[in-house]
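The structure appears below as structure tokens.
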Protein chains: 2
Amino acid sequence: MAVYTHLGAEQLASLLNEYDVGNLVSAKGIAEGVSNSNWLIETTQDRFILTMYERRTDVSDLPFFLGLLDHLAETDCPVPKTIHDRNGALSREIDGKAVALIEFLPGVSPSVPSAAQAKAVGESLARMHLATANYPEQRINDMGALAWPEIAAACGDNALATIDPSLPLIVRKHLVSLQAEWPGALPTGVVHADLFPDNVLFVGDEVSGMIDFYFACTDTFAYDLAVTHAAWCFDRTGQAFDAELSDALLEGYENVRPLTPEERASLPTLAKGASMRFILSRADDWLNTPDDALVERKNPMDFVRRLEFYERMGDRSFS
Amino acid sequence: MAVYTHLGAEQLASLLNEYDVGNLVSAKGIAEGVSNSNWLIETTQDRFILTMYERRTDVSDLPFFLGLLDHLAETDCPVPKTIHDRNGALSREIDGKAVALIEFLPGVSPSVPSAAQAKAVGESLARMHLATANYPEQRINDMGALAWPEIAAACGDNALATIDPSLPLIVRKHLVSLQAEWPGALPTGVVHADLFPDNVLFVGDEVSGMIDFYFACTDTFAYDLAVTHAAWCFDRTGQAFDAELSDALLEGYENVRPLTPEERASLPTLAKGASMRFILSRADDWLNTPDDALVERKNPMDFVRRLEFYERMGDRSFS
């Protein structure tokens with residue numbers, strides 16, 4: 001959580017002149033997101049979030065991400081609209097780095113979500129899935145099931161073992177079984193793929209915003225629900241499962257978009273896959289984050305515990 | 001620039017219940033200040049800055065700092081008011097750490113100040129000096145002239161030489177001459193003592209806020225002006241002096257509070273002292289900041305260049 005780049009008031013003011021948003025009144029670098037720098041900007045007209053894409057985000061994907069926000073905002077999905085510049089562009093450049101201005105949404109992210117909030121996020125996720133049906137763009141999930149063996153190989157057994165001695169074998173064993181079990185031909189569309197509580201804003205128990213779409217991609221809807229389940233229904237370390245949150249999340253989702261029998265039956269495998277995705281991305285970050293970096297390293301073992309829960313409980317994880 | 005502590009939405013909401021400020025709508029950790037964590041808080045009523053005192057700030061000094069904000073805000077000084085809790089307290093505790101809620105002020109800090117802005121900050125500084133006359137509290141300047149030999153000794157010549165081989169001798173030589181030249185009996189009161197451009201907010205060329213009073217203390221007004229001069233009238237590295245900014249700053253100050261002849265004559269010595277203060281605090285930070293800390297280390301040599309400028313130019317630094 002950091003701001004990686006210093007942007008002077010003069011640079012910000014001149015950037016804002018390229019948009020029809022009024023004049024700069026206030027700008028605060030905000031400690032949000034791990035890959036990009038963000039500022040909360042106030043102008044004489046309104047408030048906005050300015051994002052500078054620092055790393056990990058491939059700028060050639062920006063039209064997909066930012067166009068998606070516009071597409072979803074046109075439906076009843078609570079996502080921030082992209083502000084277009086005076087020429088209609090979705091993003092601009094400062095000092096060779098891409099930046100985008102998006103709508104500021106009120107709300108706060110819960111540290112300990114309530115069942116009412118889990119239900120609301122299920123409903124919002126399902127609405128988003130329905131709304132992406134006619135979004136014409138596609139993006140491969142470069143953190144999806146096909147990518148996991150490669151990420152694991154790039155980390156290497158020896159390095160994984162430095163995180164936890166058991167980790168190489170756990171990864172190896174589950175990669176094999178996931179490959180065997182992974183379901184095909186489920187309903188597919190554009191998914192968020194990273195809808196942790198951090199990425200949802202609430203006013204009370206109502207979702208005021210789903211944010212941080214920079215992993216959004218084309219994948220199966222049920223996988224997105226499984227990611228959200230793994231992200232919402234455990235304590236931080238993955239040790240304690242909360243069945244009430246799980247029930248509420250699924251109820252909310254199915255109120256809007258009932259799962260097909262095949263989706264429902266696939267959830268345990270998809271949730272093991274979702275756990276694998278975060279084990280591997282966290283392991284990769286853990287091993288490749290310099291000690292002096294401005295981000296907090298997250299423990300991959302928190303998701304090993306989730307994976308083992310889904311393995312142990314199977315269908316009962318979702319009932 | 002970082003947020004050192006995670007504060008959950010639930011903790012923030014329950015903190016705000018202790019104040020008469022409405023309910024939590026939004027909270028963003030902001031990358032501001034180097035010693036404390038700060039959040040920009042929006043409630044159903046207004047916006048606020050929440051500061052958590054992490055280190056360096058001695059909590060026994062909080063009544064001095066926060067009472068000063070209230071005192072100054074009651075005059076025409078543009079400083080944020082402290083918000084008192086329902087029992088009238090200026091600060092509270094969360095998890096054993098002191099926190100204070102203060103008014104949010106609009107405005108941005110210039111990276112490259114204009115002459116009009118330097119003049120405005122001179123006027124605001126002088127108004128602040130006049131307004132502190134009847135503030136009853138006192139606080140020793142623990143970064144003042146009396147403390148410098150001790151800070152230099154604590155760093156040690158060998159360590160200082162790791163920053164720059166010339167640094168130990170420069171510090172030693174000027175500590176001796178500063179001790180000999182240091183003026184006594186100048187007009188004294190409560191001063192800001194750290195009024196860098198970062199700590200001033202502008203809307204256009206008007207000062208909308210002087211912020212970050214956590215070095216405020218009892219010292220001579222002319223020393224505060226000298227600190228401000230060293231902070232505003234050079235480029236970042238201290239290589240380029242800007243005479244136009246210098247003239248504007250002094251003109252603005254004297255428009256509100258004309259200097260006595262003794263103050264005016266002391267400015268070169270006071271400005272060398274101001275430079276020494278930041279050489280030493282930066283050296284101390286440089287040597288004692290772990291490599292993985294979340295703050296950017298600032299180069300003490302930027303202020304050696306200022307010190308040498310004041311030494312070389314004497315009175316002409318201020319004409």
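We label chains A, B, ... in the order they appear in the structure tokens, count residues from 1 in each chain, and number ligands from 1 in the order shown.
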>> Taking only range 99-246 of chain B into account, list the residues labelled strand (DSSP E) by DSSP (computed from the backbone), as an MDAnalysis selection string.
In response: chainID B and resid 99:103 188:191 200:203 206:210 217:220
Near range 215-227 of chain A, counting only C-alpha atoms, which residues have an atom at most 6 Å away, once you skip same-chain residues fewer than 3 positions from it, shown as an mmCIF file with N, CA and C atoms, in the first residue's frame?
```
data_model
loop_
_atom_site.group_PDB
_atom_site.id
_atom_site.type_symbol
_atom_site.label_atom_id
_atom_site.label_comp_id
_atom_site.auth_asym_id
_atom_site.auth_seq_id
_atom_site.Cartn_x
_atom_site.Cartn_y
_atom_site.Cartn_z
ATOM 1 N N GLN A 138 -12.775 -9.189 -24.909
ATOM 2 C CA GLN A 138 -12.343 -10.382 -24.182
ATOM 3 C C GLN A 138 -10.923 -10.165 -23.677
ATOM 4 N N ARG A 139 -10.582 -10.856 -22.618
ATOM 5 C CA ARG A 139 -9.196 -10.833 -22.121
ATOM 6 C C ARG A 139 -8.899 -12.183 -21.495
ATOM 7 N N ILE A 140 -7.821 -12.793 -21.921
ATOM 8 C CA ILE A 140 -7.411 -14.077 -21.358
ATOM 9 C C ILE A 140 -7.078 -13.908 -19.875
ATOM 10 N N ASN A 141 -7.457 -14.875 -19.053
ATOM 11 C CA ASN A 141 -7.100 -14.852 -17.634
ATOM 12 C C ASN A 141 -5.668 -15.339 -17.484
ATOM 13 N N PRO A 187 -20.840 -21.776 -18.011
ATOM 14 C CA PRO A 187 -21.153 -20.437 -18.529
ATOM 15 C C PRO A 187 -20.008 -19.452 -18.278
ATOM 16 N N THR A 188 -19.666 -18.733 -19.304
ATOM 17 C CA THR A 188 -18.440 -17.914 -19.326
ATOM 18 C C THR A 188 -18.768 -16.481 -19.710
ATOM 19 N N GLY A 189 -17.962 -15.559 -19.212
ATOM 20 C CA GLY A 189 -18.127 -14.149 -19.575
ATOM 21 C C GLY A 189 -17.012 -13.357 -18.930
ATOM 22 N N VAL A 190 -17.238 -12.071 -18.756
ATOM 23 C CA VAL A 190 -16.214 -11.254 -18.117
ATOM 24 C C VAL A 190 -16.411 -11.316 -16.606
ATOM 25 N N VAL A 191 -15.337 -11.621 -15.889
ATOM 26 C CA VAL A 191 -15.409 -11.791 -14.429
ATOM 27 C C VAL A 191 -14.425 -10.836 -13.747
ATOM 28 N N HIS A 192 -14.675 -10.563 -12.472
ATOM 29 C CA HIS A 192 -13.792 -9.659 -11.713
ATOM 30 C C HIS A 192 -12.486 -10.361 -11.344
ATOM 31 N N ALA A 193 -12.601 -11.577 -10.821
ATOM 32 C CA ALA A 193 -11.470 -12.469 -10.551
ATOM 33 C C ALA A 193 -10.610 -12.074 -9.347
ATOM 34 N N ALA A 230 -13.739 -17.884 -1.501
ATOM 35 C CA ALA A 230 -12.455 -18.054 -0.798
ATOM 36 C C ALA A 230 -12.014 -16.750 -0.141
ATOM 37 N N GLU A 263 -22.590 -25.954 -12.605
ATOM 38 C CA GLU A 263 -21.824 -24.934 -11.873
ATOM 39 C C GLU A 263 -21.764 -25.301 -10.393
ATOM 40 N N LEU A 270 -13.526 -25.579 -8.282
ATOM 41 C CA LEU A 270 -13.220 -24.188 -8.644
ATOM 42 C C LEU A 270 -12.636 -23.440 -7.445
ATOM 43 N N ALA A 271 -13.142 -23.749 -6.242
ATOM 44 C CA ALA A 271 -12.647 -23.052 -5.051
ATOM 45 C C ALA A 271 -11.236 -23.521 -4.691
ATOM 46 N N ALA A 274 -9.247 -21.554 -7.073
ATOM 47 C CA ALA A 274 -9.116 -20.167 -6.635
ATOM 48 C C ALA A 274 -8.046 -20.062 -5.543
#
```
>> Can you tell me which residues surround range 240-257 of chain B at a distance of at most 6 Å, considering only C-alpha atoms, apart from same-chain residues fewer than 3 positions away, and format the answer as an NGL selection string?
In response: :B and (115 or 118-119 or 122-123 or 126 or 233-235)
>> Under the rule that only C-alpha atoms are counted, which of B:Glu32, B:Asp194, B:Asp20, B:Asp284 is the nearest residue to chain A?
In response: B:Glu32
> What's the 9 Å shell around Trp182 in chain B, counting only C-alpha atoms, without same-chain residues fewer than 6 positions away, as an NGL selection string?
Replying inline: :B and (145 or 266 or 269-270 or 273)
>> DSSP on the backbone: which residues in range 135-197 of chain B end up as helix (DSSP H, G or I)? Give the answer as a ChimeraX atom specification.
In response: /B:145-155,157-163,167-181,197
Taking a cut-off of 6 Å and counting only C-alpha atoms, can you build a table that, for each residue of chain B near chain A, reports the nearest atom pair and how far apart they are in Å (one decimal), sorted by chain then residue number, as CSV?
```
residue,atom,partner,partner_atom,distance
B:Gly8,CA,A:Ser111,CA,5.4
B:Ala9,CA,A:Pro110,CA,5.6
B:Val25,CA,A:Gly107,CA,5.2
B:Ser26,CA,A:Gly107,CA,4.8
B:Gly29,CA,A:Ala31,CA,5.2
B:Ile30,CA,A:Ile30,CA,4.3
B:Ala31,CA,A:Gly29,CA,5.2
B:Pro106,CA,A:Ser26,CA,5.4
B:Gly107,CA,A:Ser26,CA,4.7
B:Val108,CA,A:Ser26,CA,5.2
B:Pro110,CA,A:Ala9,CA,5.6
B:Ser111,CA,A:Gly8,CA,5.4
B:Asp291,CA,A:Asp292,CA,5.9
B:Asp292,CA,A:Asp292,CA,3.7
B:Leu294,CA,A:Leu294,CA,5.7
```
File of the preceding selection, C-alpha atoms, as an mmCIF file, in the first residue's frame:
```cif
data_model
loop_
_atom_site.group_PDB
_atom_site.id
_atom_site.type_symbol
_atom_site.label_atom_id
_atom_site.label_comp_id
_atom_site.auth_asym_id
_atom_site.auth_seq_id
_atom_site.Cartn_x
_atom_site.Cartn_y
_atom_site.Cartn_z
ATOM 1 C CA GLY B 8 -10.567 -1.350 9.940
ATOM 2 C CA ALA B 9 -13.780 0.306 8.858
ATOM 3 C CA VAL B 25 -19.063 7.314 4.627
ATOM 4 C CA SER B 26 -15.508 6.873 3.322
ATOM 5 C CA GLY B 29 -5.296 6.057 4.188
ATOM 6 C CA ILE B 30 -3.262 8.963 2.823
ATOM 7 C CA ALA B 31 0.438 9.044 2.060
ATOM 8 C CA PRO B 106 -8.813 22.165 0.768
ATOM 9 C CA GLY B 107 -5.727 23.103 -1.220
ATOM 10 C CA VAL B 108 -2.586 21.597 -2.699
ATOM 11 C CA PRO B 110 3.204 23.508 -4.708
ATOM 12 C CA SER B 111 6.258 21.572 -5.940
ATOM 13 C CA ASP B 291 16.596 -0.085 4.538
ATOM 14 C CA ASP B 292 13.139 -1.609 4.378
ATOM 15 C CA LEU B 294 8.413 2.877 4.237
#
```
> Which distance in Å separates CA of Ser177 in chain A and CA of Leu287 in chain A, to one decimal?
Replying inline: 24.9 Å
>> Give me, as number ranges by chain, all polymer residues having an atom no more than 8 Å from range 52-58 of chain A, counting only C-alpha atoms and skipping those fewer than 6 positions away in the same chain.
In response: A: 4, 35-38, 97-100, 214
> Can you tell me, as a list in words, what residues are no more than 10 Å from Ala159 in chain B when counting only C-alpha atoms, ignoring any on the same chain fewer than 4 positions away?
Replying inline: Ala154, Cys155, Ile163, Asp164, Pro165, Leu167, Pro168, Ala283, Asp284, Trp286 and Leu287 of chain B
> By how many Å are CA of Pro268 in chain A and CA of Leu195 in chain A apart?
Replying inline: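 Here the two named atoms are 17.9 Å from each other.
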> Got a sec: who's within 9 Å of range 74-80 of chain A, counting only C-alpha atoms, leaving out chain neighbours fewer than 2 positions off, as number ranges by chain?
Replying inline: A: 69-72, 82, 102-105, 124-125, 127-128, 131, 207-211
Atoms kept (C-alpha atoms) for selection, written as a CSV table (one decimal), in the first residue's frame:
```
chain,number,residue,atom,x,y,z
A,69,LEU,CA,-16.1,0.1,-16.1
A,70,ASP,CA,-18.1,2.3,-18.5
A,71,HIS,CA,-20.1,-0.7,-19.7
A,72,LEU,CA,-21.0,-1.8,-16.2
A,82,THR,CA,-14.2,6.2,-16.3
A,102,ILE,CA,-12.3,7.5,-12.6
A,103,GLU,CA,-15.3,8.4,-10.5
A,104,PHE,CA,-14.9,8.5,-6.7
A,105,LEU,CA,-17.4,6.3,-4.9
A,124,SER,CA,-23.7,-7.5,-7.0
A,125,LEU,CA,-21.4,-10.1,-8.4
A,127,ARG,CA,-25.6,-8.6,-11.5
A,128,MET,CA,-22.1,-7.9,-12.9
A,131,ALA,CA,-24.3,-7.3,-17.3
A,207,VAL,CA,-22.6,-2.2,-2.0
A,208,SER,CA,-21.7,1.3,-3.1
A,209,GLY,CA,-18.8,0.2,-5.3
A,210,MET,CA,-17.0,-2.8,-6.7
A,211,ILE,CA,-13.5,-1.5,-7.5
```
> Quick one, how far is CA of Asp198 in chain B from CA of Gly238 in chain B?
Replying inline: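 That distance, rounded to one decimal, is 16.1 Å.
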